[in-house]
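Student: query_18.cif is reproduced below (mmCIF, C-alpha atoms).
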```
data_target
#
loop_
_atom_site.label_atom_id
_atom_site.label_comp_id
_atom_site.auth_asym_id
_atom_site.auth_seq_id
_atom_site.Cartn_x
_atom_site.Cartn_y
_atom_site.Cartn_z
CA LEU A 27 93.23 94.25 152.29
CA GLN A 28 91.90 97.07 154.43
CA TYR A 29 93.28 100.57 154.91
CA MET A 30 92.74 103.70 156.97
CA SER A 31 92.75 107.05 155.19
CA GLY A 32 94.44 110.36 155.85
CA PHE A 33 97.91 111.87 155.43
CA GLY A 34 99.87 112.24 158.68
CA ASN A 35 96.87 111.35 160.83
CA GLU A 36 97.00 109.90 164.32
CA HIS A 37 95.91 106.36 163.51
CA VAL A 38 94.95 103.54 165.87
CA SER A 39 94.84 99.92 164.76
CA GLU A 40 94.79 96.45 166.27
CA ASP A 41 94.51 93.04 164.68
CA PRO A 42 90.89 91.86 165.16
CA ARG A 43 92.20 88.50 166.37
CA CYS A 44 93.33 90.27 169.56
CA PRO A 45 90.69 92.83 170.58
CA GLY A 46 91.83 95.22 173.26
CA ALA A 47 95.52 94.77 172.43
CA LEU A 48 96.10 98.53 172.64
CA PRO A 49 96.74 99.74 176.19
CA GLU A 50 94.12 102.17 177.47
CA GLY A 51 95.13 105.64 178.62
CA GLN A 52 98.91 105.21 178.36
CA ASN A 53 101.65 104.13 175.95
CA ASN A 54 103.90 102.04 178.17
CA PRO A 55 102.06 100.11 180.92
CA GLN A 56 103.92 97.88 183.32
CA VAL A 57 102.30 94.88 181.68
CA CYS A 58 100.81 95.17 178.18
CA PRO A 59 97.64 93.31 177.16
CA TYR A 60 98.23 89.76 175.87
CA GLY A 61 101.77 89.87 177.28
CA LEU A 62 103.01 92.05 174.42
CA TYR A 63 106.09 94.27 174.40
CA ALA A 64 105.73 98.03 173.89
CA GLU A 65 108.19 99.59 171.45
CA GLN A 66 108.31 103.14 170.11
CA LEU A 67 109.47 103.94 166.58
CA SER A 68 110.56 107.58 166.36
CA GLY A 69 110.71 109.36 163.01
CA SER A 70 111.78 112.69 164.46
CA ALA A 71 113.71 114.08 167.38
CA PHE A 72 111.78 113.93 170.65
CA THR A 73 111.85 117.74 170.86
CA CYS A 74 110.53 118.53 167.37
CA PRO A 75 107.57 120.94 167.32
CA ARG A 76 104.23 119.14 167.46
CA PRO A 77 103.40 119.62 163.71
CA THR A 78 106.61 117.79 162.73
CA ASN A 79 106.86 115.31 165.61
CA LYS A 80 106.51 111.78 164.25
CA ARG A 81 106.33 108.59 166.26
CA SER A 82 104.31 105.39 166.59
CA TRP A 83 103.94 102.88 169.40
CA LEU A 84 104.07 99.21 168.39
CA TYR A 85 102.80 96.36 170.58
CA ARG A 86 104.56 93.22 169.49
CA ILE A 87 105.13 89.60 170.45
CA LEU A 88 108.90 90.09 170.71
CA PRO A 89 110.81 93.38 170.46
CA SER A 90 112.93 94.10 167.41
CA VAL A 91 116.11 94.06 169.52
CA CYS A 92 116.10 90.24 169.56
CA HIS A 93 118.59 89.44 166.81
CA LYS A 94 122.18 88.31 166.32
CA PRO A 95 124.84 90.94 165.48
CA PHE A 96 124.72 92.60 162.06
CA LYS A 97 127.32 91.55 159.52
CA PRO A 98 128.19 93.18 156.17
CA LEU A 99 126.14 92.07 153.19
CA LYS A 100 127.18 92.51 149.56
CA GLU A 101 125.47 95.59 148.16
CA GLY A 102 125.50 94.55 144.51
CA GLN A 103 124.67 97.69 142.51
CA LEU A 104 123.48 99.72 145.51
CA THR A 105 125.85 102.60 146.24
CA HIS A 106 126.22 106.10 147.66
CA ASP A 107 129.63 106.68 146.09
CA TRP A 108 129.06 109.71 143.90
CA ASP A 109 132.70 109.83 142.72
CA GLU A 110 132.83 106.53 140.82
CA VAL A 111 132.97 108.29 137.46
CA GLU A 112 133.55 111.82 136.23
CA PRO A 113 130.56 114.21 136.25
CA ASP A 114 128.52 114.36 133.04
CA PRO A 115 126.47 117.52 132.35
CA ASN A 116 124.89 116.16 129.17
CA GLN A 117 121.23 115.41 128.69
CA LEU A 118 120.91 111.74 129.62
CA ARG A 119 118.23 109.24 128.68
CA TRP A 120 117.98 105.53 129.43
CA LYS A 121 116.16 102.83 127.52
CA PRO A 122 113.85 100.62 129.63
CA PHE A 123 115.90 98.86 132.29
CA GLU A 124 116.13 95.12 131.69
CA ILE A 125 114.54 92.64 134.09
CA PRO A 126 116.57 89.41 134.37
CA LYS A 127 114.80 86.15 133.67
CA ALA A 128 114.17 84.18 136.85
CA PRO A 129 115.73 80.81 135.91
CA GLN A 130 119.07 82.43 135.03
CA ASN A 131 119.24 85.11 137.72
CA LYS A 132 116.80 85.25 140.62
CA LEU A 133 116.55 88.73 142.10
CA ASP A 134 114.29 89.89 144.88
CA PHE A 135 113.58 93.51 145.79
CA VAL A 136 116.83 93.97 147.75
CA SER A 137 119.19 92.17 145.38
CA GLY A 138 117.48 93.97 142.48
CA LEU A 139 118.28 97.48 143.72
CA HIS A 140 120.46 99.52 141.34
CA THR A 141 121.53 103.07 142.17
CA LEU A 142 121.30 105.39 139.19
CA CYS A 143 122.19 108.80 140.61
CA GLY A 144 122.21 110.89 143.75
CA ALA A 145 123.93 113.48 145.90
CA GLY A 146 124.68 114.19 149.53
CA ASP A 147 125.62 112.02 152.46
CA PRO A 148 123.35 109.85 154.64
CA ARG A 149 125.73 110.35 157.56
CA GLY A 150 125.24 114.10 157.34
CA ARG A 151 121.45 113.59 156.96
CA ASN A 152 121.20 115.63 153.78
CA GLY A 153 120.80 114.11 150.34
CA ILE A 154 118.87 111.92 147.96
CA ALA A 155 119.39 108.88 145.76
CA VAL A 156 117.47 107.50 142.79
CA HIS A 157 117.36 103.73 142.49
CA ILE A 158 115.92 101.37 139.90
CA PHE A 159 114.56 98.05 141.14
CA VAL A 160 114.20 95.02 138.88
CA CYS A 161 113.14 91.73 140.43
CA ASN A 162 111.55 88.43 139.55
CA THR A 163 111.14 86.65 142.88
CA SER A 164 109.70 87.45 146.29
CA MET A 165 111.65 88.13 149.46
CA LEU A 166 111.58 84.90 151.46
CA ASP A 167 112.21 85.03 155.20
CA ARG A 168 114.01 88.32 154.92
CA CYS A 169 113.08 91.97 155.31
CA LEU A 170 114.70 95.36 154.80
CA TYR A 171 114.73 98.58 156.77
CA ASN A 172 116.39 101.82 155.77
CA SER A 173 118.36 103.56 158.52
CA ASP A 174 119.40 106.31 156.08
CA GLY A 175 116.05 107.75 155.04
CA ASP A 176 112.67 107.30 153.38
CA PHE A 177 111.86 105.25 150.27
CA LEU A 178 109.24 106.58 147.83
CA ILE A 179 108.52 103.55 145.64
CA VAL A 180 107.02 103.90 142.14
CA PRO A 181 106.17 100.51 140.59
CA GLN A 182 106.15 100.56 136.79
CA GLN A 183 105.63 96.91 135.89
CA GLY A 184 104.14 94.31 138.19
CA LYS A 185 102.39 94.77 141.52
CA LEU A 186 104.03 94.67 144.94
CA LEU A 187 102.50 93.07 148.02
CA ILE A 188 104.39 94.84 150.78
CA THR A 189 104.27 93.47 154.31
CA THR A 190 105.28 96.00 156.96
CA GLU A 191 105.31 96.07 160.73
CA PHE A 192 102.10 98.12 160.46
CA GLY A 193 100.26 95.76 158.10
CA LYS A 194 100.05 94.89 154.41
CA MET A 195 99.75 97.10 151.31
CA LEU A 196 99.15 96.11 147.71
CA VAL A 197 100.86 98.66 145.45
CA GLU A 198 100.25 98.47 141.71
CA PRO A 199 101.55 100.53 138.76
CA ASN A 200 100.02 104.03 138.87
CA GLU A 201 100.20 103.90 142.66
CA ILE A 202 103.07 104.93 144.91
CA CYS A 203 104.00 104.05 148.45
CA VAL A 204 106.32 105.56 151.04
CA ILE A 205 108.21 103.39 153.53
CA GLN A 206 109.63 105.80 156.07
CA GLN A 207 112.99 105.58 157.83
CA GLY A 208 113.42 102.55 160.08
CA MET A 209 110.29 100.64 159.05
CA ARG A 210 110.82 96.96 158.31
CA PHE A 211 109.20 95.61 155.19
CA SER A 212 109.24 92.66 152.82
CA VAL A 213 108.15 92.63 149.16
CA GLU A 214 106.28 89.85 147.39
CA VAL A 215 106.11 89.98 143.58
CA PHE A 216 104.12 88.04 141.00
CA GLY A 217 106.46 87.86 138.03
CA GLU A 218 108.87 90.23 136.34
CA THR A 219 108.71 93.52 138.22
CA ARG A 220 110.32 96.93 137.72
CA GLY A 221 110.10 100.40 139.18
CA TYR A 222 111.77 103.50 140.54
CA ILE A 223 112.71 104.64 144.05
CA LEU A 224 113.36 108.14 145.34
CA GLU A 225 115.30 107.96 148.60
CA VAL A 226 115.59 111.05 150.78
CA TYR A 227 117.72 111.33 153.88
CA GLY A 228 117.35 114.29 156.19
CA ALA A 229 113.65 115.01 155.69
CA HIS A 230 110.28 113.30 155.43
CA PHE A 231 107.78 113.78 152.63
CA GLU A 232 104.98 116.29 153.15
CA LEU A 233 102.05 117.56 151.16
CA PRO A 234 103.03 120.80 149.41
CA ASP A 235 101.53 124.08 150.59
CA LEU A 236 98.62 125.21 148.43
CA GLY A 237 98.93 128.99 148.76
CA PRO A 238 96.43 130.84 146.52
CA ILE A 239 94.94 127.50 145.39
CA GLY A 240 93.18 127.43 148.75
CA ALA A 241 92.07 124.50 150.86
CA ASN A 242 91.56 121.88 148.15
CA GLY A 243 93.46 120.50 145.19
CA LEU A 244 96.50 118.50 144.10
CA ALA A 245 96.86 115.41 146.32
CA ASN A 246 94.08 115.46 148.92
CA PRO A 247 95.00 114.13 152.38
CA ARG A 248 92.07 111.72 152.59
CA ASP A 249 93.27 109.78 149.53
CA PHE A 250 96.42 108.52 151.27
CA LEU A 251 95.95 105.03 152.68
CA VAL A 252 97.62 103.43 155.69
CA PRO A 253 97.60 99.65 156.36
CA VAL A 254 95.73 98.13 159.30
CA ALA A 255 97.46 96.01 161.93
CA TRP A 256 98.28 92.44 160.95
CA TYR A 257 100.61 90.03 162.70
CA GLU A 258 102.10 86.60 162.31
CA ASP A 259 103.38 84.63 165.29
CA ARG A 260 105.80 82.57 163.23
CA GLN A 261 108.99 80.88 164.29
CA VAL A 262 111.70 80.54 161.63
CA PRO A 263 114.13 77.82 162.80
CA GLY A 264 116.22 78.22 159.65
CA GLY A 265 116.74 81.88 160.43
CA TYR A 266 114.99 85.07 159.40
CA THR A 267 117.29 87.71 157.85
CA VAL A 268 116.84 91.35 158.81
CA ILE A 269 118.69 93.64 156.38
CA SER A 270 119.68 97.14 157.42
CA LYS A 271 120.67 99.84 154.95
CA TYR A 272 123.05 101.88 157.09
CA GLN A 273 125.36 104.67 155.92
CA GLY A 274 124.87 103.53 152.34
CA LYS A 275 125.87 99.93 153.04
CA LEU A 276 123.87 96.77 153.64
CA PHE A 277 124.14 94.66 156.79
CA ALA A 278 122.31 91.45 157.72
CA ALA A 279 121.31 90.02 161.11
CA GLN A 280 119.68 86.71 161.91
CA GLN A 281 116.74 85.99 164.20
CA ASP A 282 114.48 82.98 164.66
CA PHE A 283 111.08 84.68 164.32
CA SER A 284 109.15 86.87 161.90
CA PRO A 285 109.56 90.62 162.51
CA PHE A 286 105.95 91.18 161.42
CA ASN A 287 104.66 90.37 164.90
CA VAL A 288 103.00 93.69 165.74
CA VAL A 289 99.54 92.94 167.11
CA ALA A 290 98.49 96.59 167.53
CA TRP A 291 99.88 100.06 167.02
CA HIS A 292 99.01 103.73 167.23
CA GLY A 293 100.72 106.91 166.05
CA ASN A 294 101.35 109.23 163.10
CA TYR A 295 104.56 107.65 161.76
CA THR A 296 103.42 105.01 159.28
CA PRO A 297 103.92 103.63 155.78
CA TYR A 298 101.32 104.80 153.29
CA LYS A 299 100.24 104.54 149.66
CA TYR A 300 98.49 106.80 147.14
CA HIS A 301 96.82 106.26 143.77
CA LEU A 302 98.01 108.81 141.21
CA GLU A 303 94.60 108.93 139.51
CA LYS A 304 93.30 110.67 142.66
CA PHE A 305 95.42 113.76 141.91
CA MET A 306 93.30 116.88 141.34
CA VAL A 307 95.05 118.65 138.47
CA ILE A 308 95.43 122.44 138.47
CA ASN A 309 96.16 123.93 135.04
CA SER A 310 96.08 127.06 132.89
CA VAL A 311 92.62 127.91 131.53
CA ALA A 312 93.44 131.17 129.73
CA PHE A 313 96.91 131.51 128.20
CA ASP A 314 100.58 130.67 128.78
CA HIS A 315 102.09 127.64 130.46
CA ALA A 316 102.06 127.16 134.25
CA ASP A 317 105.21 125.86 135.89
CA PRO A 318 105.39 122.09 136.59
CA SER A 319 105.37 122.78 140.34
CA ILE A 320 101.56 122.74 140.09
CA PHE A 321 101.82 118.97 139.61
CA THR A 322 103.67 118.30 142.91
CA VAL A 323 102.28 115.32 144.85
CA LEU A 324 104.79 115.22 147.73
CA THR A 325 107.74 117.35 148.79
CA ALA A 326 110.68 116.87 151.13
CA LYS A 327 111.67 120.35 152.24
CA THR A 328 115.04 121.91 153.01
CA THR A 329 115.61 124.63 155.59
CA ARG A 330 115.39 127.22 152.80
CA PRO A 331 111.77 128.30 152.26
CA GLY A 332 110.40 127.13 148.93
CA VAL A 333 113.46 125.00 148.05
CA ALA A 334 112.98 121.23 148.06
CA LEU A 335 115.43 118.53 148.87
CA ALA A 336 113.18 116.52 146.56
CA ASP A 337 109.76 116.93 144.95
CA PHE A 338 107.68 114.11 143.50
CA VAL A 339 105.82 115.55 140.50
CA ILE A 340 103.45 113.82 138.05
CA PHE A 341 102.10 114.67 134.58
CA PRO A 342 98.69 113.00 134.52
CA PRO A 343 95.91 113.02 131.91
CA ARG A 344 94.23 116.44 131.79
CA TRP A 345 92.60 118.99 129.50
CA GLY A 346 94.70 121.50 127.58
CA VAL A 347 92.72 124.66 126.76
CA ALA A 348 95.20 127.57 126.80
CA ASP A 349 94.74 130.04 123.95
CA ASN A 350 97.59 131.46 121.87
CA THR A 351 100.02 129.22 123.76
CA PHE A 352 102.69 126.66 122.96
CA ARG A 353 101.18 123.92 125.09
CA PRO A 354 103.91 121.29 125.57
CA PRO A 355 106.66 121.87 128.15
CA TYR A 356 108.78 124.86 127.20
CA TYR A 357 112.54 124.95 126.59
CA HIS A 358 114.21 125.32 129.92
CA ARG A 359 117.39 125.59 131.97
CA ASN A 360 116.86 124.95 135.66
CA CYS A 361 118.73 125.49 138.93
CA MET A 362 117.19 122.14 139.98
CA SER A 363 118.00 118.60 138.83
CA GLU A 364 115.18 116.84 136.96
CA PHE A 365 114.97 113.04 136.82
CA MET A 366 112.01 111.73 134.84
CA GLY A 367 110.44 108.30 134.53
CA LEU A 368 107.49 106.93 132.60
CA ILE A 369 105.02 104.48 134.12
CA LYS A 370 102.87 104.07 131.01
CA GLY A 371 101.91 105.74 127.73
CA HIS A 372 103.74 108.42 125.71
CA TYR A 373 105.18 111.56 127.25
CA GLU A 374 103.87 114.58 125.36
CA ALA A 375 107.23 116.29 124.77
CA LYS A 376 109.06 113.18 123.49
CA GLU A 377 106.73 110.52 122.15
CA GLU A 378 109.35 108.26 120.57
CA GLY A 379 112.55 107.72 122.55
CA PHE A 380 111.23 108.10 126.09
CA GLN A 381 109.71 104.71 126.97
CA PRO A 382 107.93 103.16 129.97
CA GLY A 383 110.51 101.67 132.29
CA GLY A 384 113.19 104.06 131.04
CA ALA A 385 114.32 107.41 132.43
CA SER A 386 115.99 110.72 131.71
CA LEU A 387 118.12 113.15 133.70
CA HIS A 388 118.47 116.83 132.92
CA SER A 389 121.08 118.10 135.31
CA MET A 390 121.41 121.48 136.89
CA MET A 391 121.40 124.21 134.19
CA THR A 392 121.52 121.66 131.37
CA PRO A 393 119.06 122.83 128.66
CA HIS A 394 116.17 120.61 127.69
CA GLY A 395 112.72 120.75 126.13
CA PRO A 396 110.52 119.30 123.38
CA ASP A 397 112.10 117.38 120.53
CA ALA A 398 111.97 118.81 117.02
CA ASP A 399 108.89 116.83 115.97
CA CYS A 400 106.92 117.95 119.04
CA PHE A 401 107.89 121.59 118.48
CA GLU A 402 106.77 121.61 114.86
CA LYS A 403 103.44 119.90 115.59
CA ALA A 404 102.60 122.10 118.59
CA SER A 405 103.57 125.30 116.77
CA LYS A 406 101.12 124.55 113.94
CA ALA A 407 98.33 122.86 115.89
CA LYS A 408 94.80 124.24 115.87
CA LEU A 409 94.22 125.31 119.48
CA GLU A 410 91.07 123.58 120.62
CA PRO A 411 90.30 121.95 123.96
CA GLU A 412 92.15 118.65 123.91
CA ARG A 413 92.96 115.78 126.21
CA VAL A 414 96.65 115.77 127.08
CA ALA A 415 98.56 112.67 128.18
CA GLU A 416 95.55 110.37 127.84
CA GLY A 417 96.61 106.87 128.93
CA THR A 418 99.94 108.26 130.15
CA MET A 419 101.59 108.76 133.52
CA ALA A 420 105.01 110.37 133.59
CA PHE A 421 106.66 111.60 136.77
CA MET A 422 109.63 113.67 137.89
CA PHE A 423 111.95 113.53 140.88
CA GLU A 424 113.16 117.13 141.16
CA SER A 425 115.91 118.17 143.56
CA SER A 426 117.87 121.26 144.53
CA LEU A 427 120.96 119.02 144.72
CA SER A 428 123.32 118.47 141.80
CA LEU A 429 123.02 114.74 141.06
CA ALA A 430 125.96 112.52 140.18
CA VAL A 431 125.34 109.47 137.97
CA THR A 432 126.79 106.13 139.04
CA LYS A 433 129.05 103.87 137.03
CA TRP A 434 126.13 101.44 136.72
CA GLY A 435 123.98 104.20 135.24
CA LEU A 436 126.56 105.40 132.73
CA GLN A 437 128.25 102.14 131.82
CA THR A 438 127.35 98.83 133.47
CA SER A 439 123.60 98.93 132.82
CA ASN A 440 124.23 99.34 129.09
CA ARG A 441 120.89 101.17 128.81
CA LEU A 442 122.15 104.71 128.20
CA ASP A 443 120.77 106.13 124.95
CA LYS A 444 123.85 107.71 123.38
CA ASN A 445 121.78 109.22 120.57
CA TYR A 446 119.51 111.23 122.85
CA TYR A 447 121.01 114.56 121.79
CA LYS A 448 119.97 113.90 118.20
CA CYS A 449 116.29 114.52 118.96
CA TRP A 450 117.06 118.28 119.01
CA GLU A 451 119.34 118.36 115.95
CA PRO A 452 116.49 118.85 113.41
CA LEU A 453 115.43 122.08 115.16
CA LYS A 454 115.89 124.89 112.65
CA SER A 455 115.79 128.65 112.74
CA HIS A 456 112.46 130.29 111.90
CA PHE A 457 113.88 133.78 112.39
CA ASN A 458 112.69 136.39 109.86
CA PRO A 459 113.63 139.99 110.70
CA LYS A 460 110.99 141.24 108.25
CA CYS A 461 108.12 139.38 109.91
CA LYS A 462 107.02 140.50 113.36
#
```
Would you kindly transcribe this structure into structure tokens?
Tutor:
Amino acid sequence: LQYMSGFGNEHVSEDPRCPGALPEGQNNPQVCPYGLYAEQLSGSAFTCPRPTNKRSWLYRILPSVCHKPFKPLKEGQLTHDWDEVEPDPNQLRWKPFEIPKAPQNKLDFVSGLHTLCGAGDPRGRNGIAVHIFVCNTSMLDRCLYNSDGDFLIVPQQGKLLITTEFGKMLVEPNEICVIQQGMRFSVEVFGETRGYILEVYGAHFELPDLGPIGANGLANPRDFLVPVAWYEDRQVPGGYTVISKYQGKLFAAQQDFSPFNVVAWHGNYTPYKYHLEKFMVINSVAFDHADPSIFTVLTAKTTRPGVALADFVIFPPRWGVADNTFRPPYYHRNCMSEFMGLIKGHYEAKEEGFQPGGASLHSMMTPHGPDADCFEKASKAKLEPERVAEGTMAFMFESSLSLAVTKWGLQTSNRLDKNYYKCWEPLKSHFNPKCK
């Protein structure tokens, strides 16, 4: 597989089987090369300022309008109903989500989507959702596109071969990919597969501003990869299913050809992927503990400066060198909602109960922090330069919205760890008024 690099770049790509497929000097000629159809995919309003204006032109064998009418499709455990169960302000943690065995229950990427929590309304274009995907079979002659927003996909177990209208991407654990609103894609898997999805509606992901950090650091633009054009001119007499996620519901339409028939394209509205090992970590080198915002990979902004609809934050391997400092994450109450997942390894603040493929949610103003064992060890540790989180990759979806947990998350999944609160019970008072 080949890729082009750069975040938000104006890319140009054509399948080498059809050289010259891109029109010269204009987007929409009267007759396109090779008899192709021109089709624009807009990711922003036409009148958005140039820095935020997103669109791509696709040159395809048949336009995407050629399909039968959409009909409702059963959503399974996908939902945007945030009132299924009563709110729960407790600290929540889930054991690794179970992947069904293929012979008993075949699930592809779409049928394996399970909504865990979220807030807001896709119709009002403001909100997010967190989904878990568990699947064991590839999508066959069917694709998905999200009319509601963008998918940030975090595979945890098993690799994903994702075919999009723009080309193919191979996304493995410790990589992420973003499929933006409206882009059709299909997912091939190679066994039991699991991961996390952050869906945002109302904004696109951006690189965070660097401020005093300067020009370089965190996720560098050149490390984001975009697929190159690839097409198939394939008829599907039995019917190809195009699935639309629209207003939180699924709908399916039939057509008799593959939608991945884009011979060439150009623009700045594309799918992309990123390897988390490329992240340039910024950290404290003197004393005290910097806020986790320094680990932000991508952000989806709100209209309020500095307040995110959603941030994607990682906690990668790094050096800890701060003097006279309690080095693990501090005890905290936050005006944001913090959903955490673990791709691999052992998270430094909770090495036992927080497992790869599981998750936790610390809701708005719900206190959280290191478990008792972590606190005691870190309080007594000899402070030398040390590698932190070696062999580990934890991440956080952080949002300014107050997230509601679904019935599947609290009950049906049967993965909620009801003993989570006990990890703080051994904490004891060290207060001594005679010892300063």
Student: Fewer than 4 positions away in the same chain doesn't count, so skip those; otherwise give me all residues within 6 Å of stretch 126-141 of chain A, counting only C-alpha atoms, as a tab-separated table (two decimals) with C-alpha atoms, keeping the file's coordinate frame.
Tutor:
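As a result, out.tsv now contains:
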```
chain	number	residue	atom	x	y	z
A	103	GLN	CA	124.67	97.69	142.51
A	104	LEU	CA	123.48	99.72	145.51
A	105	THR	CA	125.85	102.60	146.24
A	157	HIS	CA	117.36	103.73	142.49
A	158	ILE	CA	115.92	101.37	139.90
A	159	PHE	CA	114.56	98.05	141.14
A	160	VAL	CA	114.20	95.02	138.88
A	161	CYS	CA	113.14	91.73	140.43
A	162	ASN	CA	111.55	88.43	139.55
A	163	THR	CA	111.14	86.65	142.88
A	164	SER	CA	109.70	87.45	146.29
A	165	MET	CA	111.65	88.13	149.46
```
Student: Given the choices A:Gly395, A:Pro77, A:Pro382, A:Gly193, which gets closest to A:Pro354 if the distance is worked out from all atoms listed in the file?
Tutor: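 Checking each candidate against A:Pro354, we get A:Gly395 as the closest.
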Student: Hey, what comes out of the PyMOL selection byres ((chain A and resi 434-450) around 8) on this file? Could you write it as a VMD selection string?
Tutor: chain A and resid 103 117 to 123 140 to 143 379 396 to 398 431 to 433 451 to 453
Student: Please write as an MDAnalysis selection string the full residue list that the PyMOL selection byres ((chain A and resi 192) around 12) yields on this file.
Tutor: chainID A and resid 28:30 37:41 67 82:86 188:191 193:195 205:206 209:212 252:258 285:298
Student: If we count only C-alpha atoms, what is near stretch 167-184 of chain A at a cut-off of 7 Å, once residues fewer than 2 positions away on the same chain are taken out, given as an NGL selection string?
Tutor: :A and (148 or 165 or 186 or 198-199 or 201-212 or 216-228 or 230 or 266-273 or 369 or 383)
Student: With the file shown as input, list the residues that the PyMOL selection byres ((chain A and resi 301-315) around 6) selects, as a PyMOL selection string.
Tutor: chain A and resi 200-201+243-245+300+316+347-349+351
